[in-house]
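Engineer: See entry-v3.cif below, with mmCIF, C-alpha atoms.
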```
data_my_file
#
loop_
_atom_site.group_PDB
_atom_site.id
_atom_site.type_symbol
_atom_site.label_atom_id
_atom_site.label_comp_id
_atom_site.auth_asym_id
_atom_site.auth_seq_id
_atom_site.Cartn_x
_atom_site.Cartn_y
_atom_site.Cartn_z
ATOM 1 C CA MET A 1 132.240 93.677 81.058
ATOM 2 C CA PRO A 2 131.714 90.517 83.137
ATOM 3 C CA PRO A 3 128.955 90.497 85.757
ATOM 4 C CA ARG A 4 129.796 91.851 89.193
ATOM 5 C CA PRO A 5 130.883 89.126 91.635
ATOM 6 C CA ASN A 6 128.183 88.573 94.223
ATOM 7 C CA VAL A 7 128.761 89.000 97.931
ATOM 8 C CA ARG A 8 129.502 85.324 98.516
ATOM 9 C CA VAL A 9 132.242 85.399 95.925
ATOM 10 C CA LEU A 10 133.652 88.536 97.547
ATOM 11 C CA ARG A 11 133.610 86.758 100.899
ATOM 12 C CA ASP A 12 135.378 83.792 99.357
ATOM 13 C CA ILE A 13 138.034 86.086 97.870
ATOM 14 C CA LYS A 14 138.457 87.633 101.320
ATOM 15 C CA ALA A 15 138.942 84.152 102.787
ATOM 16 C CA ARG A 16 141.529 83.333 100.136
ATOM 17 C CA LYS A 17 143.439 86.521 100.899
ATOM 18 C CA GLY A 18 143.317 85.715 104.608
ATOM 19 C CA VAL A 19 144.700 82.243 103.979
ATOM 20 C CA VAL A 20 147.579 83.620 101.916
ATOM 21 C CA ASP A 21 148.454 86.257 104.505
ATOM 22 C CA ASN A 22 148.418 83.905 107.485
ATOM 23 C CA GLU A 23 149.479 80.596 105.997
ATOM 24 C CA ILE A 24 153.121 80.637 107.102
ATOM 25 C CA SER A 25 152.504 81.671 110.701
ATOM 26 C CA ARG A 26 149.646 79.209 110.965
ATOM 27 C CA ARG A 27 151.908 76.441 109.709
ATOM 28 C CA ALA A 28 154.552 77.364 112.262
ATOM 29 C CA TYR A 29 152.045 77.196 115.119
ATOM 30 C CA LEU A 30 150.641 73.934 113.744
ATOM 31 C CA TYR A 31 154.137 72.475 113.693
ATOM 32 C CA VAL A 32 154.688 73.359 117.352
ATOM 33 C CA ALA A 33 151.234 72.295 118.480
ATOM 34 C CA ARG A 34 151.356 68.904 116.772
ATOM 35 C CA ASN A 35 154.964 68.106 117.684
ATOM 36 C CA GLN A 36 154.964 65.416 120.381
ATOM 37 C CA THR A 37 158.655 65.893 121.117
ATOM 38 C CA LEU A 38 158.040 69.387 122.534
ATOM 39 C CA PRO A 39 156.876 70.019 126.126
ATOM 40 C CA ALA A 40 153.121 69.966 126.640
ATOM 41 C CA GLN A 41 153.044 73.531 127.947
ATOM 42 C CA VAL A 42 154.605 74.898 124.740
ATOM 43 C CA ARG A 43 152.265 72.860 122.564
ATOM 44 C CA TYR A 44 149.273 74.105 124.531
ATOM 45 C CA GLN A 45 150.335 77.731 124.100
ATOM 46 C CA ALA A 46 150.748 77.180 120.362
ATOM 47 C CA GLN A 47 147.265 75.691 120.188
ATOM 48 C CA LEU A 48 145.866 78.731 122.016
ATOM 49 C CA GLN A 49 147.593 80.971 119.472
ATOM 50 C CA LEU A 50 146.078 78.928 116.636
ATOM 51 C CA ASN A 51 142.642 79.513 118.122
ATOM 52 C CA THR A 52 143.125 83.294 117.981
ATOM 53 C CA PHE A 53 143.287 83.328 114.161
ATOM 54 C CA GLY A 54 140.096 84.556 112.544
ATOM 55 C CA ARG A 55 137.729 82.349 110.625
ATOM 56 C CA TYR A 56 138.876 83.666 107.241
ATOM 57 C CA THR A 57 142.443 82.457 107.766
ATOM 58 C CA ARG A 58 141.615 78.755 107.662
ATOM 59 C CA PRO A 59 141.984 77.039 104.311
ATOM 60 C CA THR A 60 138.789 75.055 104.920
ATOM 61 C CA THR A 61 136.651 78.209 104.713
ATOM 62 C CA VAL A 62 137.633 78.592 101.070
ATOM 63 C CA LYS A 63 135.109 77.156 98.653
ATOM 64 C CA ASN A 64 135.501 76.863 94.925
ATOM 65 C CA ARG A 65 132.474 78.664 93.552
ATOM 66 C CA CYS A 66 131.361 79.051 89.952
ATOM 67 C CA THR A 67 133.690 81.553 88.320
ATOM 68 C CA VAL A 68 130.878 83.004 86.186
ATOM 69 C CA SER A 69 127.738 82.961 88.328
ATOM 70 C CA GLY A 70 129.209 82.525 91.825
ATOM 71 C CA ARG A 71 126.997 79.532 92.517
ATOM 72 C CA GLY A 72 128.287 77.368 95.357
ATOM 73 C CA ARG A 73 126.635 74.080 94.502
ATOM 74 C CA GLY A 74 126.838 71.900 91.453
ATOM 75 C CA VAL A 75 130.242 73.263 90.464
ATOM 76 C CA ILE A 76 132.120 71.096 87.985
ATOM 77 C CA SER A 77 135.627 71.513 89.352
ATOM 78 C CA GLU A 78 137.435 70.698 86.123
ATOM 79 C CA PHE A 79 135.989 73.830 84.534
ATOM 80 C CA GLY A 80 135.239 75.885 87.648
ATOM 81 C CA LEU A 81 131.689 76.379 86.362
ATOM 82 C CA CYS A 82 128.343 75.474 87.811
ATOM 83 C CA ARG A 83 126.285 72.930 85.880
ATOM 84 C CA TYR A 84 124.138 75.541 84.160
ATOM 85 C CA GLN A 85 127.019 77.775 83.068
ATOM 86 C CA PHE A 86 128.839 74.641 81.976
ATOM 87 C CA ARG A 87 125.884 73.704 79.785
ATOM 88 C CA LEU A 88 125.603 77.189 78.302
ATOM 89 C CA LYS A 89 129.300 77.371 77.501
ATOM 90 C CA ALA A 90 129.472 73.825 76.203
ATOM 91 C CA LEU A 91 126.543 74.391 73.846
ATOM 92 C CA ALA A 92 128.129 77.630 72.678
ATOM 93 C CA GLY A 93 131.314 75.691 71.909
ATOM 94 C CA GLU A 94 133.452 77.665 74.340
ATOM 95 C CA LEU A 95 134.801 74.596 76.135
ATOM 96 C CA PRO A 96 137.339 72.807 73.947
ATOM 97 C CA GLY A 97 136.814 69.057 73.775
ATOM 98 C CA VAL A 98 133.315 69.141 75.255
ATOM 99 C CA GLN A 99 130.541 67.855 73.044
ATOM 100 C CA LYS A 100 126.891 67.087 73.584
ATOM 101 C CA ALA A 101 126.377 63.355 73.643
ATOM 102 C CA SER A 102 124.242 61.879 70.927
ATOM 103 C CA TRP A 103 123.818 58.250 69.884
ATOM 104 C CA MET B 1 168.212 32.076 114.520
ATOM 105 C CA ALA B 2 166.035 34.969 115.693
ATOM 106 C CA SER B 3 167.727 38.368 115.976
ATOM 107 C CA ALA B 4 167.837 40.148 119.328
ATOM 108 C CA PRO B 5 165.650 43.282 119.615
ATOM 109 C CA SER B 6 168.718 45.401 120.336
ATOM 110 C CA ARG B 7 170.302 44.193 117.108
ATOM 111 C CA LEU B 8 167.155 45.062 115.149
ATOM 112 C CA ALA B 9 167.097 48.548 116.720
ATOM 113 C CA ALA B 10 170.735 49.022 115.772
ATOM 114 C CA LEU B 11 169.876 47.950 112.247
ATOM 115 C CA THR B 12 167.083 50.525 111.885
ATOM 116 C CA ARG B 13 169.335 53.231 113.285
ATOM 117 C CA LEU B 14 172.056 52.334 110.823
ATOM 118 C CA ARG B 15 169.512 52.239 107.997
ATOM 119 C CA SER B 16 168.295 55.745 108.825
ATOM 120 C CA VAL B 17 171.921 56.988 108.789
ATOM 121 C CA ILE B 18 172.629 55.372 105.412
ATOM 122 C CA PHE B 19 169.445 56.607 103.718
ATOM 123 C CA GLN B 20 169.467 59.955 105.540
ATOM 124 C CA THR B 21 166.016 59.544 107.052
ATOM 125 C CA SER B 22 165.130 60.633 110.569
ATOM 126 C CA TYR B 23 165.416 57.973 113.275
ATOM 127 C CA ASN B 24 162.067 57.768 115.032
ATOM 128 C CA PRO B 25 161.595 54.265 116.433
ATOM 129 C CA THR B 26 158.549 55.114 118.567
ATOM 130 C CA SER B 27 156.783 56.821 115.626
ATOM 131 C CA GLN B 28 156.299 60.047 117.544
ATOM 132 C CA ARG B 29 154.551 62.851 115.693
ATOM 133 C CA THR B 30 157.087 65.530 114.916
ATOM 134 C CA GLY B 31 154.797 67.872 113.002
ATOM 135 C CA ALA B 32 157.180 67.724 110.050
ATOM 136 C CA LYS B 33 154.310 67.218 107.634
ATOM 137 C CA TYR B 34 153.020 70.728 108.375
ATOM 138 C CA LEU B 35 156.366 72.158 107.282
ATOM 139 C CA LYS B 36 156.883 69.852 104.313
ATOM 140 C CA ARG B 37 153.463 70.349 102.760
ATOM 141 C CA ARG B 38 153.324 72.846 99.911
ATOM 142 C CA LEU B 39 151.741 76.239 100.567
ATOM 143 C CA ARG B 40 148.205 76.262 99.235
ATOM 144 C CA GLY B 41 147.615 80.005 99.297
ATOM 145 C CA PRO B 42 149.243 81.098 96.034
ATOM 146 C CA SER B 43 147.215 78.681 93.889
ATOM 147 C CA MET B 44 144.062 79.625 95.813
ATOM 148 C CA MET B 45 144.467 83.226 94.701
ATOM 149 C CA ASP B 46 144.454 82.169 91.026
ATOM 150 C CA TYR B 47 141.024 80.523 91.124
ATOM 151 C CA TYR B 48 138.814 83.437 90.136
ATOM 152 C CA PRO B 49 139.722 85.297 86.934
ATOM 153 C CA GLN B 50 140.857 88.900 87.429
ATOM 154 C CA GLN B 51 137.860 91.212 87.603
ATOM 155 C CA LEU B 52 138.082 94.559 85.864
ATOM 156 C CA SER B 53 136.112 97.225 87.647
ATOM 157 C CA ILE B 54 136.047 100.952 87.146
ATOM 158 C CA SER B 55 136.620 101.649 90.825
ATOM 159 C CA ALA B 56 139.709 99.410 90.772
ATOM 160 C CA ILE B 57 141.047 101.202 87.686
ATOM 161 C CA ASN B 58 140.440 104.558 89.367
ATOM 162 C CA LYS B 59 142.325 103.455 92.457
ATOM 163 C CA GLU B 60 145.208 101.962 90.460
ATOM 164 C CA PHE B 61 145.855 104.906 88.144
ATOM 165 C CA GLY B 62 144.432 107.738 90.214
ATOM 166 C CA LEU B 63 141.821 108.502 87.531
ATOM 167 C CA ASP B 64 138.319 109.802 88.035
ATOM 168 C CA LEU B 65 136.226 107.742 85.591
ATOM 169 C CA ILE B 66 132.491 107.551 86.223
ATOM 170 C CA ASP B 67 130.922 104.127 86.799
ATOM 171 C CA GLU B 68 127.423 104.560 85.390
ATOM 172 C CA ASP B 69 125.989 101.418 87.015
ATOM 173 C CA GLU B 70 127.266 102.489 90.418
ATOM 174 C CA GLU B 71 125.937 106.033 89.940
ATOM 175 C CA GLN B 72 122.535 104.594 89.032
ATOM 176 C CA ARG B 73 122.561 102.341 92.091
ATOM 177 C CA LEU B 74 123.405 105.206 94.436
ATOM 178 C CA GLN B 75 120.702 107.324 92.779
ATOM 179 C CA ASP B 76 118.140 104.555 93.286
ATOM 180 C CA VAL B 77 119.107 104.171 96.940
ATOM 181 C CA ALA B 78 118.782 107.922 97.493
ATOM 182 C CA ASP B 79 115.386 107.971 95.751
ATOM 183 C CA LYS B 80 114.106 105.089 97.863
ATOM 184 C CA LYS B 81 115.297 106.766 101.017
ATOM 185 C CA LYS B 82 113.479 109.950 100.045
ATOM 186 C CA ARG B 83 110.255 107.980 99.696
ATOM 187 C CA GLY B 84 110.770 106.433 103.118
ATOM 188 C CA LYS B 85 111.699 103.041 101.626
ATOM 189 C CA GLY B 86 115.295 103.028 102.781
ATOM 190 C CA ALA B 87 117.032 100.382 104.860
ATOM 191 C CA PRO B 88 115.924 100.338 108.502
ATOM 192 C CA LYS B 89 118.221 101.812 111.140
ATOM 193 C CA LYS B 90 120.645 99.420 112.758
ATOM 194 C CA ALA B 91 119.469 98.247 116.182
ATOM 195 C CA LYS B 92 121.520 99.893 118.956
ATOM 196 C CA SER B 93 120.653 97.378 121.676
ATOM 197 C CA ALA B 94 119.358 93.843 122.089
ATOM 198 C CA ALA B 95 115.916 95.208 123.003
ATOM 199 C CA ASP B 96 115.747 97.164 119.726
ATOM 200 C CA SER B 97 116.508 94.121 117.638
ATOM 201 C CA ARG B 98 113.855 92.104 119.498
ATOM 202 C CA ARG B 99 111.284 94.817 118.819
ATOM 203 C CA ALA B 100 112.153 94.733 115.123
ATOM 204 C CA GLN B 101 111.619 90.982 115.084
ATOM 205 C CA ARG B 102 108.192 91.235 116.683
ATOM 206 C CA LYS B 103 106.922 93.775 114.118
ATOM 207 C CA ARG B 104 107.549 91.389 111.261
#
```
Let me see the structure of the file written as structure tokens.
Structural biologist:
Amino acid sequence: MPPRPNVRVLRDIKARKGVVDNEISRRAYLYVARNQTLPAQVRYQAQLQLNTFGRYTRPTTVKNRCTVSGRGRGVISEFGLCRYQFRLKALAGELPGVQKASW
Amino acid sequence: MASAPSRLAALTRLRSVIFQTSYNPTSQRTGAKYLKRRLRGPSMMDYYPQQLSISAINKEFGLDLIDEDEEQRLQDVADKKKRGKGAPKKAKSAADSRRAQRKR
């Protein structure tokens, strides 16, 4: 059984769910708020509505963490692993095409 | 011979009709990019691999399997509490939380 995801990973998953649930309505409000051809009053109201969305509905709150250890820094995005897990897996030969350099 | 501005404007209008693009000579922001952009949510949900947990299985199939790690954790918490080593009570007011800070 894989290790339990830590609380930061759970929070990140929560943020991802929030983004999925609110993406379409957020886009609609963004469209109205950023549309210069619409009256200023309407755009302002749309911007106010955008501000009422919670923090876990914005795509920028989502962070790609290590999929094994949940580490937030030093994540090699191509593999979704932090540098240490990457090293462990690479040395164990679990990453196809990855080899330890030697010359 | 230089072309008149009105002729150039007519040309751009005609061009947008022929190539079926929107005619926007003043380059106003229409917000179209927020509608055209692909939705990022679905691929975001695929980032972490699916986690199997006993509690999730129980909820999905209505089973009553016992998660030994979780049982052990709850047991440890109860034991600690019995020895007076439990988590402190949540502060009810701002004054309470300040008092807790000072003790540390």
Engineer: Near Pro42 (chain B), within 12 Å and counting all atoms listed in the file, which residues show up once chain neighbours fewer than 4 positions away are dropped, as a CSV table (one decimal) with C-alpha atoms, keeping the file's coordinate frame?
Structural biologist:
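As a result, result_25.csv now contains:
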```
chain,number,residue,atom,x,y,z
A,16,ARG,CA,141.5,83.3,100.1
A,17,LYS,CA,143.4,86.5,100.9
A,18,GLY,CA,143.3,85.7,104.6
A,19,VAL,CA,144.7,82.2,104.0
A,20,VAL,CA,147.6,83.6,101.9
A,21,ASP,CA,148.5,86.3,104.5
A,22,ASN,CA,148.4,83.9,107.5
A,23,GLU,CA,149.5,80.6,106.0
A,24,ILE,CA,153.1,80.6,107.1
A,59,PRO,CA,142.0,77.0,104.3
B,38,ARG,CA,153.3,72.8,99.9
B,46,ASP,CA,144.5,82.2,91.0
B,47,TYR,CA,141.0,80.5,91.1
```
Engineer: Return as a VMD selection string the set of residues that the PyMOL selection byres ((chain B) within 9 of (chain A)) yields on the displayed structure.
Structural biologist: chain B and resid 28 to 35 39 to 42 44 to 45 47 to 49 51 to 53
Engineer: Need to verify the contact set: Ala87 (chain B), 12 Å, only C-alpha atoms, exclusion of same-chain residues closer than 6 positions in sequence. Can you return it as number ranges by chain?
Structural biologist: B: 77-81
Engineer: Return as a list in words the set of residues that the PyMOL selection byres ((chain A and resi 84-97) around 9) yields on the displayed structure.
Structural biologist: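 When the PyMOL selection byres ((chain A and resi 84-97) around 9) is applied to the shown file, the picked residues are Cys66, Val68, Ser69, Gly74, Val75, Ile76, Phe79, Gly80, Leu81, Cys82, Arg83, Val98, Gln99 and Lys100 of chain A.
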Engineer: Take every atom of region 44-60 of chain B listed in the file, pad by 3 Å on each side, and give me the axis-aligned box centre and edge lengths in Å, one decimal, as lines of an AutoDock Vina configuration file.
Structural biologist:
```
center_x = 140.6
center_y = 92.1
center_z = 90.8
size_x = 15.2
size_y = 30.9
size_z = 15.9
```
